[in-house]
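*Asks:* First the structure, which I've put down as structure tokens, then a few questions once you've had a look.
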Protein chains: 2
Amino acid sequence: MSVSRTVKAQPLTAEAFAPFGQVIEATGEPSFLINNGRCGRYHDLARPEILGERAEVTLSVGRSDSVSLPYTLDLLERHPLGSQAFVPMAATPMLVMVAPDVGGKPGEPVAFLSKAGQGVQYHAGAWHGVLAPLNGPADFLIVDRVGSGDNLEEVSLAEPFLIVE
Amino acid sequence: MSVSRTVKAQPLTAEAFAPFGQVIEATGEPSFLINNGRCGRYHDLARPEILGERAEVTLSVGRSDSVSLPYTLDLLERHPLGSQAFVPMAATPMLVMVAPDVGGKPGEPVAFLSKAGQGVQYHAGAWHGVLAPLNGPADFLIVDRVGSGDNLEEVSLAEPFLIVE
């Protein structure tokens, strides 16, 4: 299977990522100080989106193998009933791959390179690739949905994309 | 103000911490594998507890100064309307201080030393100290409540405790 299409990974910024979700990071000035000024709180960066019946937010940890660039993107998935946040528990960069929805299928993918200290939340229904730390295996806090209903759609890409630096 | 009472910090384990909340970490075998076996998911470790009216879960980041041992514990707080999770975004240990409730006031405190890769969620209403990373300033993902109502009680300890290793 040849890879005919390449996508250049771009720096992960809140603005560029906005159509797909939120970037979770401490950047600029904090919203306010807590703990007698000893801690800056960057407040309310993302709210979990939880749809459907009998559903709740839950915290899990994902321990993921790492990937390297160039990376062959051949699978995208989405969760119509809930957002998913992935926040690294160590100072690791990751590859973040998303795609707009085009008539119920993923369109042309967009790839981001995160910096250490950045996590993401994908909107409910946003097409995205799998967890992809870049500098060795890493643990991520996952904030997503538990509940009833079918919350997973996967699409294998007949023509994969090559994600490059 | 003299510190007459000392408390020895103990290793943070799920069992010892259970009265106060959950430890968020990847330990032992994962609950199941995701991403074609490339990622182990430690599933459903803690669910945010959100009480009261017009309330939601939100994700924030706290950028905290560090503390050192011995540490003078002179303030405890609690949030009657919601849990709070603090998960380090870098591989940093922290000091975790909690206390049982005794008639609406904090009782004798209990102190834990976390390892890199461990976070905690405090139950709604659990007395706890402030965010206290040990090896320099650190960022933490905070998962807690936004909503109406008075969700903060603070108690200054007339006789502080000295937390020691």
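Note on naming: chains are A, B, ... as they come in the structure tokens, residues start from 1 per chain, ligands start from 1 in the order shown.
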For chain B, which residues have at least one atom within 9 Å of chain A, if we go by only C-alpha atoms? Write them as a ChimeraX atom specification, please.

*Replies:* /B:24-26,30,34-35,38-48,56-66,87-92,116-119,130-131,139-143,146

*Asks:* Among chain A, which residues does DSSP mark as helix (DSSP H, G or I) when it is run on the backbone? Keep the chain and numbering as in the structure and answer as a PyMOL selection string.

*Replies:* chain A and resi 14-17

*Asks:* Check segment 40-163 of chain A with DSSP on the backbone and list each residue it calls strand (DSSP E), as an MDAnalysis selection string.

*Replies:* chainID A and resid 40:46 56:64 71:78 84:88 95:99 101:102 105:106 110:113 119:122 127:128 138:146 153:163

*Asks:* Using only C-alpha atoms, which protein or nucleic acid residues come within 9 Å of segment 12-18 of chain A? Drop anything in the same chain fewer than 6 positions from it, and give the result as a list in words.

*Replies:*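 The neighbour list is Ile24, Val96, Val98, Ala111, Phe112, Leu113, Ser114, Lys115, Gln118 and Val120 of chain A.
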
*Asks:* Report, in Å to a single decimal, how far apart atom CA of Ser148 of chain A and atom CA of Arg78 of chain A are.

*Replies:*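 It comes out at 16.0 Å.
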
*Asks:* When you draw a straight line from atom CA of Trp127 of chain B to atom CA of Phe20 of chain B, how long is it in Å?

*Replies:*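 Calculated distance between atom CA of Trp127 of chain B and atom CA of Phe20 of chain B is 8.0 Å.
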
*Asks:* Just to confirm, what's the straight-line distance from atom CA of Leu162 of chain A to atom CA of Leu81 of chain A in Å (one decimal)?

*Replies:*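 Going from atom CA of Leu162 of chain A over to atom CA of Leu81 of chain A covers 29.0 Å.
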
*Asks:* Which residue is closest to Leu157 of chain A? Choose from A:Pro133, A:Pro11, A:Pro106, A:Gly125 and count only C-alpha atoms.

*Replies:*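 Ranked by minimum distance to Leu157 of chain A, first place goes to A:Pro106.
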
*Asks:* So that I can see what lies close to segment 149-156 of chain A, please list as a PDB file with N, CA, C and O atoms, in the first residue's frame the residues with an atom at most 12 Å from it, counting only C-alpha atoms and leaving out residues fewer than 4 positions away in the same chain.

*Replies:*
ATOM      1  N   ILE A  50     -20.699  15.728  27.390  1.00  0.00           N
ATOM      2  CA  ILE A  50     -21.212  14.384  27.693  1.00  0.00           C
ATOM      3  C   ILE A  50     -22.658  14.314  27.221  1.00  0.00           C
ATOM      4  O   ILE A  50     -23.527  14.996  27.782  1.00  0.00           O
ATOM      5  N   LEU A  51     -22.904  13.510  26.203  1.00  0.00           N
ATOM      6  CA  LEU A  51     -24.232  13.419  25.602  1.00  0.00           C
ATOM      7  C   LEU A  51     -24.801  12.024  25.858  1.00  0.00           C
ATOM      8  O   LEU A  51     -24.078  11.102  26.230  1.00  0.00           O
ATOM      9  N   GLY A  52     -26.098  11.884  25.600  1.00  0.00           N
ATOM     10  CA  GLY A  52     -26.716  10.563  25.695  1.00  0.00           C
ATOM     11  C   GLY A  52     -27.170  10.240  27.102  1.00  0.00           C
ATOM     12  O   GLY A  52     -27.033  11.033  28.031  1.00  0.00           O
ATOM     13  N   GLU A  53     -27.708   9.055  27.229  1.00  0.00           N
ATOM     14  CA  GLU A  53     -28.351   8.622  28.463  1.00  0.00           C
ATOM     15  C   GLU A  53     -27.361   8.050  29.461  1.00  0.00           C
ATOM     16  O   GLU A  53     -26.379   7.437  29.073  1.00  0.00           O
ATOM     17  N   ARG A  54     -27.674   8.210  30.735  1.00  0.00           N
ATOM     18  CA  ARG A  54     -26.924   7.558  31.813  1.00  0.00           C
ATOM     19  C   ARG A  54     -25.416   7.658  31.580  1.00  0.00           C
ATOM     20  O   ARG A  54     -24.697   6.648  31.595  1.00  0.00           O
ATOM     21  N   ALA A  55     -24.950   8.862  31.371  1.00  0.00           N
ATOM     22  CA  ALA A  55     -23.540   9.050  31.039  1.00  0.00           C
ATOM     23  C   ALA A  55     -22.879   9.954  32.073  1.00  0.00           C
ATOM     24  O   ALA A  55     -23.508  10.837  32.638  1.00  0.00           O
ATOM     25  N   THR A  72       2.628   7.108   9.450  1.00  0.00           N
ATOM     26  CA  THR A  72       1.575   6.738   8.491  1.00  0.00           C
ATOM     27  C   THR A  72       0.212   6.739   9.186  1.00  0.00           C
ATOM     28  O   THR A  72      -0.043   5.927  10.064  1.00  0.00           O
ATOM     29  N   LEU A  73      -0.622   7.672   8.786  1.00  0.00           N
ATOM     30  CA  LEU A  73      -1.966   7.793   9.374  1.00  0.00           C
ATOM     31  C   LEU A  73      -2.942   6.997   8.515  1.00  0.00           C
ATOM     32  O   LEU A  73      -3.236   7.368   7.373  1.00  0.00           O
ATOM     33  N   ASP A  74      -3.423   5.893   9.088  1.00  0.00           N
ATOM     34  CA  ASP A  74      -4.330   5.049   8.306  1.00  0.00           C
ATOM     35  C   ASP A  74      -5.651   4.761   9.019  1.00  0.00           C
ATOM     36  O   ASP A  74      -6.466   3.978   8.534  1.00  0.00           O
ATOM     37  N   LEU A  75      -5.846   5.416  10.164  1.00  0.00           N
ATOM     38  CA  LEU A  75      -7.078   5.180  10.925  1.00  0.00           C
ATOM     39  C   LEU A  75      -7.486   6.464  11.641  1.00  0.00           C
ATOM     40  O   LEU A  75      -6.657   7.120  12.274  1.00  0.00           O
ATOM     41  N   LEU A  76      -8.752   6.794  11.529  1.00  0.00           N
ATOM     42  CA  LEU A  76      -9.299   7.907  12.322  1.00  0.00           C
ATOM     43  C   LEU A  76     -10.538   7.402  13.047  1.00  0.00           C
ATOM     44  O   LEU A  76     -11.211   6.476  12.582  1.00  0.00           O
ATOM     45  N   GLU A  77     -10.810   8.003  14.191  1.00  0.00           N
ATOM     46  CA  GLU A  77     -11.991   7.601  14.947  1.00  0.00           C
ATOM     47  C   GLU A  77     -12.672   8.836  15.512  1.00  0.00           C
ATOM     48  O   GLU A  77     -12.087   9.922  15.548  1.00  0.00           O
ATOM     49  N   ARG A  78     -13.910   8.638  15.963  1.00  0.00           N
ATOM     50  CA  ARG A  78     -14.593   9.725  16.670  1.00  0.00           C
ATOM     51  C   ARG A  78     -15.608   9.146  17.635  1.00  0.00           C
ATOM     52  O   ARG A  78     -15.998   7.970  17.521  1.00  0.00           O
ATOM     53  N   HIS A  79     -16.020   9.994  18.575  1.00  0.00           N
ATOM     54  CA  HIS A  79     -16.920   9.588  19.648  1.00  0.00           C
ATOM     55  C   HIS A  79     -18.099  10.551  19.639  1.00  0.00           C
ATOM     56  O   HIS A  79     -18.001  11.659  20.166  1.00  0.00           O
ATOM     57  N   PRO A  80     -19.192  10.144  19.008  1.00  0.00           N
ATOM     58  CA  PRO A  80     -20.302  11.081  18.823  1.00  0.00           C
ATOM     59  C   PRO A  80     -20.951  11.531  20.137  1.00  0.00           C
ATOM     60  O   PRO A  80     -21.563  12.589  20.170  1.00  0.00           O
ATOM     61  N   LEU A  81     -20.782  10.752  21.192  1.00  0.00           N
ATOM     62  CA  LEU A  81     -21.488  11.059  22.445  1.00  0.00           C
ATOM     63  C   LEU A  81     -20.620  11.733  23.494  1.00  0.00           C
ATOM     64  O   LEU A  81     -21.084  11.949  24.615  1.00  0.00           O
ATOM     65  N   GLY A  82     -19.371  12.030  23.178  1.00  0.00           N
ATOM     66  CA  GLY A  82     -18.575  12.668  24.223  1.00  0.00           C
ATOM     67  C   GLY A  82     -17.231  13.173  23.733  1.00  0.00           C
ATOM     68  O   GLY A  82     -16.636  12.646  22.790  1.00  0.00           O
ATOM     69  N   SER A  83     -16.770  14.219  24.407  1.00  0.00           N
ATOM     70  CA  SER A  83     -15.410  14.723  24.186  1.00  0.00           C
ATOM     71  C   SER A  83     -14.412  13.744  24.793  1.00  0.00           C
ATOM     72  O   SER A  83     -14.763  12.870  25.598  1.00  0.00           O
ATOM     73  N   GLN A  84     -13.166  13.912  24.399  1.00  0.00           N
ATOM     74  CA  GLN A  84     -12.062  13.152  25.012  1.00  0.00           C
ATOM     75  C   GLN A  84     -10.892  14.096  25.200  1.00  0.00           C
ATOM     76  O   GLN A  84     -10.465  14.758  24.248  1.00  0.00           O
ATOM     77  N   ALA A  99      -9.321  15.599  11.766  1.00  0.00           N
ATOM     78  CA  ALA A  99      -9.839  15.835  10.409  1.00  0.00           C
ATOM     79  C   ALA A  99     -11.242  16.417  10.518  1.00  0.00           C
ATOM     80  O   ALA A  99     -11.996  16.059  11.432  1.00  0.00           O
ATOM     81  N   ASP A 101     -15.157  16.846   9.470  1.00  0.00           N
ATOM     82  CA  ASP A 101     -16.152  15.891   8.997  1.00  0.00           C
ATOM     83  C   ASP A 101     -16.693  16.365   7.655  1.00  0.00           C
ATOM     84  O   ASP A 101     -17.068  17.524   7.491  1.00  0.00           O
ATOM     85  N   GLY A 104     -20.143  12.909   7.033  1.00  0.00           N
ATOM     86  CA  GLY A 104     -20.118  11.709   7.856  1.00  0.00           C
ATOM     87  C   GLY A 104     -18.822  10.918   7.759  1.00  0.00           C
ATOM     88  O   GLY A 104     -18.682   9.878   8.407  1.00  0.00           O
ATOM     89  N   LYS A 105     -17.883  11.416   6.967  1.00  0.00           N
ATOM     90  CA  LYS A 105     -16.566  10.767   6.860  1.00  0.00           C
ATOM     91  C   LYS A 105     -15.481  11.808   7.120  1.00  0.00           C
ATOM     92  O   LYS A 105     -15.705  12.995   6.908  1.00  0.00           O
ATOM     93  N   PRO A 106     -14.289  11.342   7.536  1.00  0.00           N
ATOM     94  CA  PRO A 106     -13.214  12.319   7.741  1.00  0.00           C
ATOM     95  C   PRO A 106     -12.735  12.913   6.422  1.00  0.00           C
ATOM     96  O   PRO A 106     -12.540  12.184   5.441  1.00  0.00           O
ATOM     97  N   GLY A 107     -12.547  14.237   6.417  1.00  0.00           N
ATOM     98  CA  GLY A 107     -11.956  14.911   5.259  1.00  0.00           C
ATOM     99  C   GLY A 107     -10.436  14.902   5.366  1.00  0.00           C
ATOM    100  O   GLY A 107      -9.840  14.056   6.043  1.00  0.00           O
ATOM    101  N   ALA A 124     -16.748  16.351  21.119  1.00  0.00           N
ATOM    102  CA  ALA A 124     -17.586  15.207  20.758  1.00  0.00           C
ATOM    103  C   ALA A 124     -17.768  15.209  19.247  1.00  0.00           C
ATOM    104  O   ALA A 124     -18.058  16.248  18.656  1.00  0.00           O
ATOM    105  N   GLY A 125     -17.550  14.079  18.632  1.00  0.00           N
ATOM    106  CA  GLY A 125     -17.763  13.962  17.195  1.00  0.00           C
ATOM    107  C   GLY A 125     -16.599  14.385  16.320  1.00  0.00           C
ATOM    108  O   GLY A 125     -16.685  14.266  15.091  1.00  0.00           O
ATOM    109  N   ALA A 126     -15.505  14.872  16.925  1.00  0.00           N
ATOM    110  CA  ALA A 126     -14.346  15.292  16.109  1.00  0.00           C
ATOM    111  C   ALA A 126     -13.520  14.070  15.700  1.00  0.00           C
ATOM    112  O   ALA A 126     -13.122  13.268  16.558  1.00  0.00           O
ATOM    113  N   TRP A 127     -13.236  13.949  14.436  1.00  0.00           N
ATOM    114  CA  TRP A 127     -12.373  12.868  13.953  1.00  0.00           C
ATOM    115  C   TRP A 127     -10.952  13.083  14.459  1.00  0.00           C
ATOM    116  O   TRP A 127     -10.425  14.193  14.390  1.00  0.00           O
ATOM    117  N   HIS A 128     -10.334  12.028  14.948  1.00  0.00           N
ATOM    118  CA  HIS A 128      -8.966  12.162  15.464  1.00  0.00           C
ATOM    119  C   HIS A 128      -8.228  10.833  15.357  1.00  0.00           C
ATOM    120  O   HIS A 128      -8.842   9.764  15.273  1.00  0.00           O
ATOM    121  N   GLY A 129      -6.888  10.946  15.364  1.00  0.00           N
ATOM    122  CA  GLY A 129      -6.043   9.765  15.354  1.00  0.00           C
ATOM    123  C   GLY A 129      -5.824   9.254  16.767  1.00  0.00           C
ATOM    124  O   GLY A 129      -6.336   9.809  17.737  1.00  0.00           O
ATOM    125  N   VAL A 130      -5.053   8.194  16.884  1.00  0.00           N
ATOM    126  CA  VAL A 130      -4.802   7.594  18.194  1.00  0.00           C
ATOM    127  C   VAL A 130      -3.734   8.386  18.948  1.00  0.00           C
ATOM    128  O   VAL A 130      -3.044   9.241  18.384  1.00  0.00           O
ATOM    129  N   ASP A 144     -12.930  11.397  29.731  1.00  0.00           N
ATOM    130  CA  ASP A 144     -13.958  11.156  28.712  1.00  0.00           C
ATOM    131  C   ASP A 144     -15.220  10.583  29.332  1.00  0.00           C
ATOM    132  O   ASP A 144     -15.449  10.737  30.531  1.00  0.00           O
ATOM    133  N   ARG A 145     -16.017   9.953  28.533  1.00  0.00           N
ATOM    134  CA  ARG A 145     -17.374   9.578  28.905  1.00  0.00           C
ATOM    135  C   ARG A 145     -17.480   8.088  29.191  1.00  0.00           C
ATOM    136  O   ARG A 145     -16.918   7.270  28.471  1.00  0.00           O
ATOM    137  N   PRO A 160      -3.703   5.904   2.916  1.00  0.00           N
ATOM    138  CA  PRO A 160      -3.172   6.571   4.106  1.00  0.00           C
ATOM    139  C   PRO A 160      -2.481   7.901   3.775  1.00  0.00           C
ATOM    140  O   PRO A 160      -2.149   8.179   2.617  1.00  0.00           O
ATOM    141  N   PHE A 161      -2.284   8.689   4.822  1.00  0.00           N
ATOM    142  CA  PHE A 161      -1.532   9.928   4.707  1.00  0.00           C
ATOM    143  C   PHE A 161      -0.204   9.759   5.440  1.00  0.00           C
ATOM    144  O   PHE A 161      -0.147   9.092   6.470  1.00  0.00           O
TER     145      PHE A 161
ATOM    146  N   ASN B  35      -6.209   1.079  20.724  1.00  0.00           N
ATOM    147  CA  ASN B  35      -5.293   1.469  19.635  1.00  0.00           C
ATOM    148  C   ASN B  35      -4.466   0.279  19.124  1.00  0.00           C
ATOM    149  O   ASN B  35      -3.237   0.356  19.046  1.00  0.00           O
TER     150      ASN B  35
END

*Asks:* Which one of A:Val23, A:Ser4, A:Glu29, A:Tyr71 sits closest to Val164 of chain A if you count only C-alpha atoms?

*Replies:* A:Tyr71

*Asks:* Which is closest to Pro93 of chain A among A:Gly147, A:Gly28, A:Pro109, A:Gly136, if we use only C-alpha atoms?

*Replies:* A:Gly136
